[in-house]
Structures are given as structure tokens and as C-alpha cells.
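Pasted below: final07.cif, mmCIF, C-alpha atoms.
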```
data_structure
loop_
_atom_site.group_PDB
_atom_site.id
_atom_site.type_symbol
_atom_site.label_atom_id
_atom_site.label_comp_id
_atom_site.auth_asym_id
_atom_site.auth_seq_id
_atom_site.Cartn_x
_atom_site.Cartn_y
_atom_site.Cartn_z
ATOM 1 C CA MET G 1 125.626 20.885 98.378
ATOM 2 C CA SER G 2 127.708 23.913 97.559
ATOM 3 C CA ASP G 3 131.498 23.553 97.715
ATOM 4 C CA GLU G 4 131.874 27.213 98.705
ATOM 5 C CA PRO G 5 133.067 27.739 102.286
ATOM 6 C CA HIS G 6 130.455 29.075 104.644
ATOM 7 C CA THR G 7 131.249 32.261 106.548
ATOM 8 C CA ASP G 8 129.254 34.345 108.965
ATOM 9 C CA GLN G 9 131.437 37.411 108.409
ATOM 10 C CA PRO G 10 129.629 40.322 106.749
ATOM 11 C CA GLN G 11 130.422 41.164 103.171
ATOM 12 C CA ASP G 12 132.357 44.359 102.559
ATOM 13 C CA THR G 13 130.050 47.187 101.517
ATOM 14 C CA VAL G 14 130.920 50.296 99.621
ATOM 15 C CA VAL G 15 129.678 53.452 101.303
ATOM 16 C CA PRO G 16 129.177 56.247 98.773
ATOM 17 C CA ALA G 17 131.035 59.420 99.527
ATOM 18 C CA PRO G 18 128.818 62.316 100.576
ATOM 19 C CA ALA G 19 127.967 64.737 97.808
ATOM 20 C CA TYR G 20 130.261 67.712 97.642
ATOM 21 C CA HIS G 21 128.583 71.090 97.688
ATOM 22 C CA PRO G 22 130.731 74.156 97.021
ATOM 23 C CA PRO G 23 130.540 76.455 100.036
ATOM 24 C CA LEU G 24 128.758 79.776 99.959
ATOM 25 C CA ARG G 25 130.914 82.820 100.524
ATOM 26 C CA TRP G 26 129.141 85.872 101.884
ATOM 27 C CA TRP G 27 131.259 88.385 99.970
ATOM 28 C CA VAL G 28 130.564 86.603 96.669
ATOM 29 C CA GLU G 29 126.831 86.710 97.407
ATOM 30 C CA VAL G 30 126.947 90.402 98.291
ATOM 31 C CA LEU G 31 128.740 91.163 95.025
ATOM 32 C CA LEU G 32 126.288 89.045 93.023
ATOM 33 C CA VAL G 33 123.207 90.634 94.566
ATOM 34 C CA ALA G 34 124.562 94.183 94.407
ATOM 35 C CA GLY G 35 125.711 93.738 90.818
ATOM 36 C CA PHE G 36 122.419 92.221 89.708
ATOM 37 C CA TYR G 37 120.324 94.889 91.404
ATOM 38 C CA GLY G 38 122.492 97.629 89.918
ATOM 39 C CA VAL G 39 122.030 96.251 86.394
ATOM 40 C CA TYR G 40 118.318 95.728 87.056
ATOM 41 C CA SER G 41 117.863 99.343 88.216
ATOM 42 C CA LEU G 42 119.778 100.706 85.246
ATOM 43 C CA ILE G 43 117.684 98.758 82.739
ATOM 44 C CA ARG G 44 114.385 99.422 84.528
ATOM 45 C CA ASN G 45 114.896 103.154 84.496
ATOM 46 C CA GLN G 46 115.530 103.209 80.746
ATOM 47 C CA PHE G 47 111.878 102.343 80.115
ATOM 48 C CA GLY G 48 110.216 104.777 82.491
ATOM 49 C CA SER G 49 110.072 108.311 83.739
ATOM 50 C CA ALA G 50 113.110 109.535 81.814
ATOM 51 C CA LEU G 51 111.308 109.081 78.476
ATOM 52 C CA GLY G 52 109.100 112.114 79.059
ATOM 53 C CA ALA G 53 105.667 112.846 77.583
ATOM 54 C CA SER G 54 105.493 109.789 75.344
ATOM 55 C CA ILE G 55 105.794 107.367 78.258
ATOM 56 C CA VAL G 56 103.189 109.343 80.220
ATOM 57 C CA ARG G 57 100.654 108.916 77.413
ATOM 58 C CA GLN G 58 101.434 105.250 76.918
ATOM 59 C CA SER G 59 101.395 104.397 80.623
ATOM 60 C CA TYR G 60 98.111 106.280 81.079
ATOM 61 C CA ALA G 61 96.503 104.426 78.163
ATOM 62 C CA ASN G 62 97.647 101.125 79.662
ATOM 63 C CA ALA G 63 96.178 102.140 83.020
ATOM 64 C CA ILE G 64 92.805 102.737 81.398
ATOM 65 C CA SER G 65 93.064 99.299 79.770
ATOM 66 C CA VAL G 66 93.713 97.694 83.163
ATOM 67 C CA ILE G 67 90.784 99.565 84.713
ATOM 68 C CA ASP G 68 88.492 98.555 81.850
ATOM 69 C CA PHE G 69 89.548 94.915 82.222
ATOM 70 C CA GLU G 70 88.979 94.877 85.976
ATOM 71 C CA SER G 71 85.652 96.675 85.504
ATOM 72 C CA ALA G 72 84.540 94.096 82.941
ATOM 73 C CA LEU G 73 85.167 91.422 85.583
ATOM 74 C CA GLY G 74 83.266 93.468 88.167
ATOM 75 C CA LEU G 75 86.440 93.636 90.253
ATOM 76 C CA TYR G 76 87.570 97.237 89.948
ATOM 77 C CA ILE G 77 87.764 97.574 93.721
ATOM 78 C CA GLU G 78 90.787 99.855 94.206
ATOM 79 C CA PRO G 79 88.917 103.210 94.499
ATOM 80 C CA GLU G 80 86.419 101.878 97.032
ATOM 81 C CA LEU G 81 89.123 100.195 99.092
ATOM 82 C CA GLN G 82 91.191 103.343 99.435
ATOM 83 C CA GLU G 83 88.166 105.557 100.043
ATOM 84 C CA ARG G 84 87.231 103.501 103.113
ATOM 85 C CA PHE G 85 90.447 104.604 104.819
ATOM 86 C CA LEU G 86 90.829 108.199 103.661
ATOM 87 C CA GLY G 87 90.950 110.405 106.736
ATOM 88 C CA TRP G 88 92.847 107.754 108.712
ATOM 89 C CA ASP G 89 96.066 109.700 108.231
ATOM 90 C CA TRP G 90 98.368 107.827 110.606
ATOM 91 C CA PHE G 91 96.997 104.513 109.386
ATOM 92 C CA LEU G 92 97.860 105.403 105.791
ATOM 93 C CA ILE G 93 101.258 106.832 106.759
ATOM 94 C CA GLY G 94 101.987 103.489 108.401
ATOM 95 C CA TRP G 95 101.154 101.675 105.170
ATOM 96 C CA ASN G 96 103.363 104.103 103.233
ATOM 97 C CA VAL G 97 106.235 103.097 105.518
ATOM 98 C CA PHE G 98 105.322 99.421 105.123
ATOM 99 C CA TYR G 99 105.284 99.764 101.331
ATOM 100 C CA GLY G 100 108.613 101.558 101.142
ATOM 101 C CA THR G 101 110.643 99.547 103.650
ATOM 102 C CA PHE G 102 109.345 96.010 104.219
ATOM 103 C CA HIS G 103 109.826 95.203 100.535
ATOM 104 C CA PHE G 104 113.592 95.399 101.033
ATOM 105 C CA VAL G 105 113.997 94.590 104.735
ATOM 106 C CA ILE G 106 112.000 91.336 104.712
ATOM 107 C CA THR G 107 113.522 90.154 101.428
ATOM 108 C CA ILE G 108 117.084 90.796 102.588
ATOM 109 C CA GLY G 109 116.306 89.223 105.960
ATOM 110 C CA THR G 110 114.970 86.115 104.228
ATOM 111 C CA MET G 111 118.104 85.830 102.103
ATOM 112 C CA VAL G 112 120.365 86.106 105.155
ATOM 113 C CA TYR G 113 118.287 83.528 107.050
ATOM 114 C CA LEU G 114 118.475 81.039 104.180
ATOM 115 C CA PHE G 115 122.197 81.696 103.709
ATOM 116 C CA VAL G 116 122.884 80.773 107.335
ATOM 117 C CA LYS G 117 120.316 78.030 107.951
ATOM 118 C CA ALA G 118 119.692 76.370 104.591
ATOM 119 C CA PRO G 119 122.450 76.971 102.025
ATOM 120 C CA LEU G 120 121.106 74.558 99.407
ATOM 121 C CA ARG G 121 117.716 76.203 99.528
ATOM 122 C CA TYR G 122 119.331 79.631 99.541
ATOM 123 C CA SER G 123 121.130 78.840 96.308
ATOM 124 C CA PHE G 124 117.913 77.809 94.557
ATOM 125 C CA MET G 125 115.818 80.674 95.924
ATOM 126 C CA ARG G 126 118.522 83.222 95.054
ATOM 127 C CA SER G 127 118.271 82.072 91.439
ATOM 128 C CA THR G 128 114.489 82.252 91.641
ATOM 129 C CA LEU G 129 114.618 85.833 92.901
ATOM 130 C CA CYS G 130 117.026 86.904 90.153
ATOM 131 C CA LEU G 131 114.896 85.354 87.418
ATOM 132 C CA THR G 132 111.666 86.716 88.888
ATOM 133 C CA THR G 133 113.089 90.224 88.954
ATOM 134 C CA GLY G 134 114.506 89.841 85.457
ATOM 135 C CA THR G 135 111.121 88.691 84.173
ATOM 136 C CA ALA G 136 109.555 91.810 85.694
ATOM 137 C CA LEU G 137 111.872 93.936 83.560
ATOM 138 C CA ILE G 138 110.177 92.526 80.467
ATOM 139 C CA GLY G 139 106.820 93.657 81.830
ATOM 140 C CA PHE G 140 108.128 97.139 82.615
ATOM 141 C CA ALA G 141 109.512 97.489 79.093
ATOM 142 C CA LEU G 142 106.529 96.093 77.180
ATOM 143 C CA PHE G 143 103.722 97.436 79.358
ATOM 144 C CA PRO G 144 104.584 100.693 81.154
ATOM 145 C CA LEU G 145 101.743 101.331 83.546
ATOM 146 C CA MET G 146 100.735 104.460 85.427
ATOM 147 C CA PRO G 147 99.860 103.510 89.017
ATOM 148 C CA PRO G 148 96.492 104.605 90.444
ATOM 149 C CA ARG G 149 98.066 107.300 92.628
ATOM 150 C CA LEU G 150 99.192 109.236 89.536
ATOM 151 C CA LEU G 151 95.965 109.116 87.531
ATOM 152 C CA GLY G 152 94.469 112.271 88.991
ATOM 153 C CA ASN G 153 97.602 113.744 90.534
ATOM 154 C CA CYS G 154 98.109 117.273 89.205
ATOM 155 C CA GLU G 155 100.950 118.081 91.591
ATOM 156 C CA SER G 156 103.300 115.353 90.452
ATOM 157 C CA ALA G 157 105.379 115.829 87.331
ATOM 158 C CA PHE G 158 104.598 112.212 86.507
ATOM 159 C CA GLY G 159 100.817 112.383 86.937
ATOM 160 C CA ALA G 160 98.028 112.431 84.345
ATOM 161 C CA CYS G 161 96.014 115.123 86.173
ATOM 162 C CA ASN G 162 92.652 113.648 85.202
ATOM 163 C CA PRO G 163 89.959 114.797 87.683
ATOM 164 C CA ASN G 164 87.779 111.807 86.792
ATOM 165 C CA HIS G 165 90.078 109.655 88.918
ATOM 166 C CA THR G 166 89.759 110.167 92.659
ATOM 167 C CA PHE G 167 92.748 108.201 93.918
ATOM 168 C CA VAL G 168 94.880 109.943 96.535
ATOM 169 C CA ASP G 169 98.656 109.751 96.341
ATOM 170 C CA THR G 170 99.065 109.003 100.039
ATOM 171 C CA LEU G 171 102.842 109.305 99.929
ATOM 172 C CA THR G 172 102.687 112.805 98.449
ATOM 173 C CA GLU G 173 99.741 113.973 100.539
ATOM 174 C CA LEU G 174 100.600 112.398 103.895
ATOM 175 C CA GLY G 175 104.247 111.424 103.667
ATOM 176 C CA GLY G 176 106.391 108.533 104.802
ATOM 177 C CA LEU G 177 110.103 107.855 105.057
ATOM 178 C CA TRP G 178 110.761 108.903 101.453
ATOM 179 C CA SER G 179 109.057 110.547 98.488
ATOM 180 C CA PHE G 180 108.955 110.010 94.732
ATOM 181 C CA GLU G 181 108.924 113.780 94.282
ATOM 182 C CA THR G 182 112.439 114.355 95.603
ATOM 183 C CA GLU G 183 114.950 114.953 92.819
ATOM 184 C CA ARG G 184 117.197 112.080 93.893
ATOM 185 C CA ILE G 185 114.407 109.471 93.973
ATOM 186 C CA ALA G 186 112.846 110.816 90.771
ATOM 187 C CA ASN G 187 116.132 110.424 88.921
ATOM 188 C CA ILE G 188 116.701 106.797 89.943
ATOM 189 C CA SER G 189 113.155 105.452 89.854
ATOM 190 C CA ASN G 190 110.695 104.366 87.193
ATOM 191 C CA GLN G 191 107.304 105.766 88.140
ATOM 192 C CA TYR G 192 105.553 103.522 85.615
ATOM 193 C CA ALA G 193 107.021 100.152 86.626
ATOM 194 C CA ALA G 194 103.740 98.903 88.065
ATOM 195 C CA MET G 195 103.146 95.752 86.002
ATOM 196 C CA PRO G 196 104.053 93.258 87.345
ATOM 197 C CA SER G 197 104.169 94.113 91.039
ATOM 198 C CA LEU G 198 107.556 93.136 92.419
ATOM 199 C CA HIS G 199 106.243 93.918 95.889
ATOM 200 C CA ILE G 200 103.907 90.944 95.556
ATOM 201 C CA ALA G 201 106.419 88.763 93.715
ATOM 202 C CA TRP G 202 109.074 89.293 96.381
ATOM 203 C CA ALA G 203 106.611 88.918 99.269
ATOM 204 C CA VAL G 204 105.335 85.563 97.986
ATOM 205 C CA TRP G 205 108.953 84.574 97.273
ATOM 206 C CA CYS G 206 109.722 85.143 100.979
ATOM 207 C CA ALA G 207 106.797 82.947 102.027
ATOM 208 C CA VAL G 208 107.716 80.193 99.570
ATOM 209 C CA ALA G 209 111.329 80.293 100.727
ATOM 210 C CA LEU G 210 110.634 80.186 104.467
ATOM 211 C CA SER G 211 107.409 78.303 105.142
ATOM 212 C CA PRO G 212 108.664 74.741 104.354
ATOM 213 C CA LEU G 213 111.515 75.260 106.816
ATOM 214 C CA LEU G 214 109.147 75.996 109.705
ATOM 215 C CA ARG G 215 107.621 73.228 111.804
ATOM 216 C CA ARG G 216 105.117 75.273 113.762
ATOM 217 C CA ARG G 217 101.861 76.131 112.077
ATOM 218 C CA ILE G 218 101.689 79.590 113.628
ATOM 219 C CA THR G 219 105.027 80.637 112.104
ATOM 220 C CA ARG G 220 103.957 79.344 108.702
ATOM 221 C CA ILE G 221 100.747 81.354 109.013
ATOM 222 C CA VAL G 222 102.761 84.448 109.925
ATOM 223 C CA VAL G 223 105.032 84.231 106.873
ATOM 224 C CA TRP G 224 102.007 83.782 104.575
ATOM 225 C CA CYS G 225 100.323 86.791 106.169
ATOM 226 C CA TYR G 226 103.127 88.951 104.798
ATOM 227 C CA PRO G 227 102.040 88.665 101.118
ATOM 228 C CA ILE G 228 98.430 89.325 102.143
ATOM 229 C CA LEU G 229 99.436 92.478 104.016
ATOM 230 C CA THR G 230 101.556 93.508 101.053
ATOM 231 C CA LEU G 231 98.573 93.151 98.728
ATOM 232 C CA PHE G 232 96.572 95.431 101.010
ATOM 233 C CA ALA G 233 99.461 97.919 101.181
ATOM 234 C CA ILE G 234 99.936 98.258 97.428
ATOM 235 C CA MET G 235 96.211 98.891 96.938
ATOM 236 C CA VAL G 236 95.380 101.149 99.870
ATOM 237 C CA THR G 237 98.340 103.410 99.031
ATOM 238 C CA ALA G 238 97.228 103.408 95.355
ATOM 239 C CA ASN G 239 100.582 102.182 94.113
ATOM 240 C CA HIS G 240 99.163 99.194 92.221
ATOM 241 C CA TYR G 241 96.058 97.574 90.822
ATOM 242 C CA TRP G 242 95.250 94.039 91.950
ATOM 243 C CA LEU G 243 95.995 92.894 88.398
ATOM 244 C CA ASP G 244 99.619 93.952 88.959
ATOM 245 C CA ALA G 245 99.731 91.477 91.833
ATOM 246 C CA PHE G 246 98.577 88.719 89.488
ATOM 247 C CA GLY G 247 101.381 89.724 87.141
ATOM 248 C CA GLY G 248 103.813 89.429 90.039
ATOM 249 C CA LEU G 249 102.707 85.833 90.652
ATOM 250 C CA ILE G 250 103.330 85.018 86.983
ATOM 251 C CA ALA G 251 106.845 86.496 87.212
ATOM 252 C CA LEU G 252 107.528 84.391 90.313
ATOM 253 C CA GLY G 253 106.238 81.296 88.529
ATOM 254 C CA VAL G 254 108.707 81.901 85.698
ATOM 255 C CA GLY G 255 111.485 82.333 88.250
ATOM 256 C CA LEU G 256 110.690 79.036 89.987
ATOM 257 C CA LEU G 257 110.481 77.214 86.667
ATOM 258 C CA LEU G 258 113.854 78.401 85.375
ATOM 259 C CA ALA G 259 115.767 78.504 88.670
ATOM 260 C CA PRO G 260 117.335 75.010 88.383
ATOM 261 C CA PHE G 261 119.183 76.079 85.224
ATOM 262 C CA LEU G 262 120.562 79.309 86.703
ATOM 263 C CA THR G 263 121.483 77.605 89.980
ATOM 264 C CA ARG G 264 123.883 75.323 88.137
ATOM 265 C CA LEU G 265 125.608 78.345 86.600
ATOM 266 C CA LEU G 266 126.035 80.480 89.709
ATOM 267 C CA PRO G 267 128.584 79.889 92.511
ATOM 268 C CA GLY G 268 127.476 77.837 95.482
ATOM 269 C CA PRO G 269 125.753 74.522 96.177
ATOM 270 C CA THR G 270 123.156 73.014 93.870
ATOM 271 C CA GLY G 271 120.137 70.939 94.760
ATOM 272 C CA THR G 272 116.391 70.711 94.596
ATOM 273 C CA LEU G 273 113.982 73.155 96.172
ATOM 274 C CA SER G 274 113.362 70.769 99.081
ATOM 275 C CA SER G 275 116.956 69.678 99.768
ATOM 276 C CA ASP G 276 117.477 71.602 102.983
ATOM 277 C CA VAL G 277 113.900 70.977 104.104
ATOM 278 C CA VAL G 278 114.680 67.247 104.222
ATOM 279 C CA GLU G 279 118.102 67.673 105.747
ATOM 280 C CA ARG G 280 117.244 69.972 108.595
ATOM 281 C CA PRO G 281 113.714 71.095 109.365
ATOM 282 C CA LEU G 282 113.770 73.989 111.778
ATOM 283 C CA ARG G 283 111.873 74.454 115.014
ATOM 284 C CA THR G 284 111.237 78.139 114.488
#
```
Would you mind writing the file's structure down as C-alpha cells?
Amino acid sequence: MSDEPHTDQPQDTVVPAPAYHPPLRWWVEVLLVAGFYGVYSLIRNQFGSALGASIVRQSYANAISVIDFESALGLYIEPELQERFLGWDWFLIGWNVFYGTFHFVITIGTMVYLFVKAPLRYSFMRSTLCLTTGTALIGFALFPLMPPRLLGNCESAFGACNPNHTFVDTLTELGGLWSFETERIANISNQYAAMPSLHIAWAVWCAVALSPLLRRRITRIVVWCYPILTLFAIMVTANHYWLDAFGGLIALGVGLLLAPFLTRLLPGPTGTLSSDVVERPLRT
């Protein structure tokens, strides 16, 4: 028999201290986002409209390459899609507004929602968005691409004016809340930054960021409808080819892959993509 005294008292256990996560500060995040977007805009515009005739020729040649590739697959569907809705003026004006506003409003709204409800996930998805957008800059620089709306546009200073292309620049013809032809927008925009499509990259980013936090199937369906509607918007307004959308998915994939590394470098909490999903699923 053992000589050790018998005791029914529980052994002392060591409870690990909860992991410390540096808090998020809203003013730091605003400065980070504003600073990044300012640098992004400055770099993006160096590879576009400001370069003059040479960029017009190069972006037009790349557009023909995209069209030839889609045609070879039997999937050059952009002209037929837009033609089905020509004459539906208010319908197209609505999609012009969607294209020009939702891209920013929904993305910013998603960031604010994550910041408040799921800070660990916010930190990771913020890094993903930065890297996705940075990856897009490489595409803009290496493959300037004239969007469909400019192929046959003789009125725009940025167009190719080729009558063989029947796309309608719905923003110029019908209007919206803004216009590429205004001097202010023309000076700060890159008309040939079509590949990859950041509209698609950011829209899918929103769905990826939000859907795991939502318990109800209907709300998950709603957030995934947003990228689908965005795909329709970029094509019916002739701002992108569907191949640009595929490029946007590649840029997002790069962002997701590299985000853990950037997250450790930026201020704020660190964790895996699913950290806040496990901690606090939402009933939205």
C-alpha cells in the first residue's frame, strides 16, 4: 500500500491568463485607411490617363486581347447583355448609381461593422483589403485596359472611337451621380484601371467578411447577392469585362493568403480568420 496520505481535496490547477489583444483605436484606423487609399490613388493614377496617347494605344490593344480571349471561349457576352437593356434609361441610371456609390458605401459599412462587432476579424480583413488593393495596382501597371464603354466612344477624350464596337457609355449618355468627363474626376482617376476589377474584389471581400458572422441563412444569402449584383452592374454599364471580375477574385485570393503576415505588423489584435466567429456568432 502507498505511504502517501490520502486526500479528497482537489489539486491546485493553473488557469492560463486570457490572451491579450491590443485594442483597436478608431482614429488610428481612419489614419491607416486614409493614408493607404491616398498612396494607392497616387500610384494608380501614374499608370493611366495622364500618360496620354501611348496609354490609349496600349490599353486598347489589351482590350482587343481580352475580347479575343473571351470570344475564343465562346463567352464574349458583354455586348449582348448590355444591348438587352438599352432603352431602359432609368434602369441603367440606377445601375450607374449602384456602380459609383455602393463600391465605397458597402465596403466602408462592412469595415465599421467588423470594427464594432468583431475586432479580431476586422484586423485580419483590413489586412486582406489592403493587400487585395495593392495587388490590383500591379495589374493596373502591367496591363492597362480600356473598358468596354470607351471602345467606341468618340465623345470622351479617353475613348478609342472605333465604330466597330457598339458599347454605350451609360454614364456619359444617361448620367448618374458623377461623371468621368468632369475635369476634377478626370484628373484624379485612371480610366484604364479595369484589370483586375476592384469592384468585384471588394464586393466578394464584403461577403467573405460578413457571412460567417451571420446565423440566419437569409442574411447570408443577402450578403452573397451583393457580389452577384456587382458583377451585373460592371457589365451592364460597360465598365468591365467578365474577365476583369476573374482578375478581381485572384487579387482577393492573394490578399487572403498574405493577410496573416501583414496583420502581425499593423496595430490592433491578431488572430485567425475565424477567431471572432467562434467567440461571438451574431444573430443578425
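Of the residues listed (G:Trp95, G:Leu266, G:Ile77, G:Gln82), G:Trp95 shows the shortest atom-to-atom separation from G:Gly175; distances use only C-alpha atoms.
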Of the listed residues G:Leu142, G:Ala233, G:Leu137, G:Ile108, that which approaches G:Ser41 most closely, counting only C-alpha atoms:
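With only C-alpha atoms as the atom set, the closest residue is G:Leu137.
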Just so the selection is clear, what residues does the PyMOL selection byres ((chain G and resi 225) around 12) cover here, as a tab-separated table (two decimals) with C-alpha atoms, in the coordinates of the input?
```tsv
chain	number	residue	atom	x	y	z
G	200	ILE	CA	103.91	90.94	95.56
G	203	ALA	CA	106.61	88.92	99.27
G	204	VAL	CA	105.34	85.56	97.99
G	206	CYS	CA	109.72	85.14	100.98
G	207	ALA	CA	106.80	82.95	102.03
G	208	VAL	CA	107.72	80.19	99.57
G	211	SER	CA	107.41	78.30	105.14
G	218	ILE	CA	101.69	79.59	113.63
G	219	THR	CA	105.03	80.64	112.10
G	220	ARG	CA	103.96	79.34	108.70
G	221	ILE	CA	100.75	81.35	109.01
G	222	VAL	CA	102.76	84.45	109.92
G	223	VAL	CA	105.03	84.23	106.87
G	224	TRP	CA	102.01	83.78	104.58
G	226	TYR	CA	103.13	88.95	104.80
G	227	PRO	CA	102.04	88.66	101.12
G	228	ILE	CA	98.43	89.32	102.14
G	229	LEU	CA	99.44	92.48	104.02
G	230	THR	CA	101.56	93.51	101.05
G	231	LEU	CA	98.57	93.15	98.73
G	232	PHE	CA	96.57	95.43	101.01
```
In Å, with one decimal, what is the gap from atom CA of G:Phe158 to atom CA of G:Tyr60?
10.3 Å
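Nearest to G:Met235 of all the residues G:His103, G:Lys117, G:Arg25, G:His199 is G:His199, based on all atoms listed in the file.
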Any idea what the distance is between atom CA of G:Ala209 and atom CA of G:Pro119?
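Separating atom CA of G:Ala209 from atom CA of G:Pro119 is a distance of 11.7 Å.
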